[in-house]
Structure formats: C-alpha cells, structure tokens
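Notes to accompany the following structure.
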Amino acid sequence: MIILTIESTCDETAAAVLDDQLQVLGSVVASQLALHERFGGVVPEIAARAHVESILPVIDEALRQAGLTLAELDAVAVATKPGLAGSLLVGLMAAKSLCLALDIPLVAVDHLQAHIFACQLDCDQDLFPCVGMVVSGGHTSLYNCQSPLEFELLGGTIDDAAGEAFDKVAKMLGLPFPGGPAVSAAAEQGDPGRFQFPRSFLNDPERLEFSFSGLKTAVRYQLAGQGQVDFEQLDISAEDVADISASFQEAVVDCLVGKAVLAIQKTGAERLCVGGGVAANRRFRLRLQEQAAEQGFELHIARPELCTDNAVMGAIAIERLKAGLTESLELDIQPGLVRG
Ligand code: KG4
Ligand code: ZN
C-alpha cells in the first residue's frame with residue numbers, strides 16, 4: 001500500500017510518500033521562513049498564499065523522489081487540525097481533489113498526534129501504549145496513548161506553549177525568528193544559574209499542566225523593568241543575552257522534563273514518546289535522556305528533522321486506513337488553536 005501525506009498546518013508546505021511498512025519513499029518540506037522572518041512571526045495570509053504556490057510542486061517532487069505516479073497511490077492523507085485556517089484549507093483541497101480524481105480514500109490526520117507518531121518512524125518495535133508529549137509552537141501537551149488511534153489528554157499548557165515562549169523571548173533579546181534555535185544557540189555560551197526564573201507548577205505533584213506566560217514576563221522584567229519599553233532600542237550585552245537564554249531555557253526544560261516524568265509515574269507507562277519543534281532542543285533531549293536512565297523508562301524522541309513540521313509524521317494515517325477510518329469528501333478543517 002502506498003500513501004501520499006500532505007502537511008500544511010502552519011508555514012511549511014510538505015508532502016511525503018510512504019508504504020505501509022513506514023518506508024519513506026519521498027519527502028519534501030518547502031519552508032516559508034524567508035517570507036515570515038522579517039515580521040518576527042507567521043503571517044497567516046502570506047502563509048496561505050505561499051501554500052497555494054508550493055503545494056503542487058511539493059507533491060510532484062515527493063512522487064518524483066519515490067519514482068511513482070499519482071495512479072500508483074492507494075490513499076491520500078492530510079493534516080486537518082489544528083493550524084491556521086487558510087493554510088489547512090490549501091492542504092485539504094489538494095487532498096480532496098486528488099482523492100476525487102483518482103477515486104481513492106481520504107484520511108484525516110491530527111497534527112499533534114502525528115508529532116508524537118514521528119517517533120515510530122525510527123523504531124521497529126511498536127511504541128504504543130506510551131505517554132506521548134507534544135512540545136511545539138502552539139502546544140505543550142501530554143497524552144496517554146493506548147494505541148495510534150487513542151490519545152487521551154492528560155494535561156497541557158494553560159497559557160503559552162513552550163515554543164511560543166522561546167519565540168517571544170528571542171524577540172525581546174533581539175534574536176531572529178524562529179526563536180527556539182536562536183535562544184538555544186545563545187544558551188550554549190550562557191550560565192543557566194545566573195537568573196532564577198519561575199517554574200510554574202513544577203513542585204505540584206497533582207498538576208500535569210504547564211504555564212509559560214509568567215516565565216515570559218519574568219524575562220521581560222529582568223530585561224526592562226516594569227515600564228513600557230521598545231525592545232529594539234535595548235542594548236543588551238552578548239553575555240546577558242547568553243545568560244538570559246540559558247537561564248530561560250533551563251526553566252522551560254525543568255518544567256517539561258518534570259511533568260513528563262510525572263506523567264510516566266501517574267500512568268505507570270513504560271515508554272515516553274516526544275515530538276514537536278521544541279523536542280529538537282539539545283538541552284531538553286539531554287535532560288530527558290538523563291531522567292530516562294535514572295527512572296528506568298524507555299525514551300523515544302523524534303529525530304530533529306522530524307520534530308519540526310514535516311509530512312513523514314503523517315504516516316499515522318496508515319493506522320487509520322488499516323482501521324477503516326477514512327473520510328468523505330465533506331471533510332472540513334478544524335483550526336482550533338492557531339498553531340500546532
Ligand atoms: O512543531 P513546530 O515545527 O511547528 C508548530 O508549531 O506546529 O514547532 C515550531 C516551534 C517554534 O516555536 C520554534 O521556536 C520551536 O519549535 N523550536 C525550538 C527549537 N527548534 C524549533 N525550540 C527550542 N529549541 C529548538 N532547538
Ligand atoms: Zn507542528
């Protein structure tokens with residue numbers, strides 16, 4: 001069985017061709033970074049228009065890499081939630097058109113579940129049941145995953161997502177968008193112990209939740225006090241940028257790792273599977289590995305290029321297809337929260 005997967009939830013236009021053994025036959029990610037960079041964030045209308053331009057060439061290239069034609073596809077899968085409405089619509093329309101023209105099934109993908117499933121791509125053993133964790137630009141959530149079709153939410157952020165906090169702190173520090181890689185690179189030279197930033201809920205064993213807005217505000221106060229300030233005018237030394245980045249990153253990582261371990265303890269699960277853009281963070285990966293060794297659970301983190309948005313993780317659709325969970329052409333998008 002050969003499946004085409006399409007991903008256009010935010011600002012990457014991606015397509016992949018996979019078989020039912022999870023072999024990746026073709027995979028293309030067209031980044032829109034250059035279009036959004038100067039705005040310091042993703043501009044939804046620009047994203048949607050760029051998807052329109054890229055979607056057909058991206059699908060074409062994924063098929064070319066696979067050495068296959070459209071006629072050889074058995075199904076098309078597309079991420080329908082969550083994401084930017086205009087962006088999601090472009091992917092869904094492309095998927096529906098192909099399914100109609102080729103008379104093959106349409107499969108809906110939940111982008112957050114796909115982020116967790118990215119771990120399965122590099123693993124021969126079945127990763128379910130597990131605790132699944134998504135740490136991305138729009139979400140920071142823990143799930144009890146009984147199977148690739150059953151995701152029960154254990155807890156999430158009550159305000160900002162971890163990735164969003166990285167992006168906002170980067171902006172305050174005058175670092176480029178997206179902030180995660182920039183803050184993480186600056187943190188390499190910094191002292192994580194110089195500033196004591198808050199770690200919300202970390203010591204509350206009853207809460208499997210996150211909150212990063214207080215941390216973001218604490219960084220703001222550290223940089224500029226409580227008054228109005230134009231961050232572009234602030235002159236922050238390289239040492240301060242590095243120390244604030246390292247101290248901020250350590251606070252985020254403490255919370256993420258602490259709650260992931262708590263979820264493992266509460267559910268009794270033996271395995272933790274982590275995906276999403278922030279899971280590419282080196283410090284986070286290292287700290288998770290230390291905890292896995294110490295606490296004795298099995299750890300799977302998506303490989304860095306499968307942490308950020310891609311279509312390969314849409315392979316979760318194969319599980320839905322096998323279970324007969326296909327969609328009619330009436331299928332609609334579910335934008336939900338703005339970013340996945
Ligand atoms: O999953 P993703 O590619 O997109 C969605 O939000 O769906 O995640 C993007 C987020 C951005 O906030 C970005 O700053 C963050 O992931 N990110 C990182 C790193 N690489 C990307 N955050 C921390 N460290 C990184 N190395
Ligand atoms: Zn994502």
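In the structure tokens, chains take the letters A, B, ... in the order shown, each chain's residues start at 1, and ligands count up from 1 in the order shown.
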- request: Find the residues near segment 154-156 of chain A: any atom within 10 Å, counting only C-alpha atoms, skip ones fewer than 6 places away on the same chain, and give them as a PyMOL selection string.
  value: chain A and resi 131-135+139-145+207-211+259+263+266-267
- request: Show me which residues sit within 12 Å of ligand 2 when counting only C-alpha atoms and all ligand atoms, and put them as a ChimeraX atom specification.
  value: /A:7-14,79,81-84,110-116,118,134-140,161,163-164,275-280,305-311,313-314,337-340
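Summary of the local environment: counting only C-alpha atoms, residues at most 12 Å from Asp235 of chain A, other than itself and those fewer than 5 positions away along its chain, are Met172, Leu173, Gly174, Leu223, Ala224, Val229, Asp230, Asp240 and Val241 of chain A.
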- request: Determine the nearest neighbour of Leu63 of chain A from the options A:Leu88, A:Leu106, A:Val24, A:Ala315, counting only C-alpha atoms.
  value: A:Val24
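Each of A:Ile244, A:Ile3, A:Gly227, A:Ala165 was checked against Asp191 of chain A using only C-alpha atoms; the smallest atom-to-atom distance is that of A:Ile244.
With only C-alpha atoms and all ligand atoms as the atoms that count, the residue of A:Ser245, A:Ser237, A:Gln265, A:Gln146 with the shortest distance to ligand 1 is A:Ser245.
In terms of minimum interatomic distance to Ala246 of chain A, A:Gln189 ranks closest within A:Gln21, A:Thr157, A:Gln189, A:Gln32, counting only C-alpha atoms.
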Atomic distance atom CA of Glu37 of chain A - atom CA of Lys168 of chain A, expressed in Å with one decimal: 13.5 Å
message: Please return, as a PyMOL selection string, all residues of segment 144-291 of chain A that DSSP assigns to alpha helix (DSSP H) on the basis of the backbone.
response: chain A and resi 162-172+179-187+213-224+238-267+282-291
query: Can you list, as an MDAnalysis selection string, every protein, DNA or RNA residue that comes within 10 Å of Glu327 of chain A when you count only C-alpha atoms, leaving out same-chain residues fewer than 6 positions away?
result: chainID A and resid 77 96 105:108 321
- request: Tell me which protein, DNA and RNA residues are within 12 Å of Gly193 of chain A, counting only C-alpha atoms, leaving out same-chain ones fewer than 2 positions away, and put them as an NGL selection string.
  value: :A and (187 or 190-191 or 195-197 or 242-251)
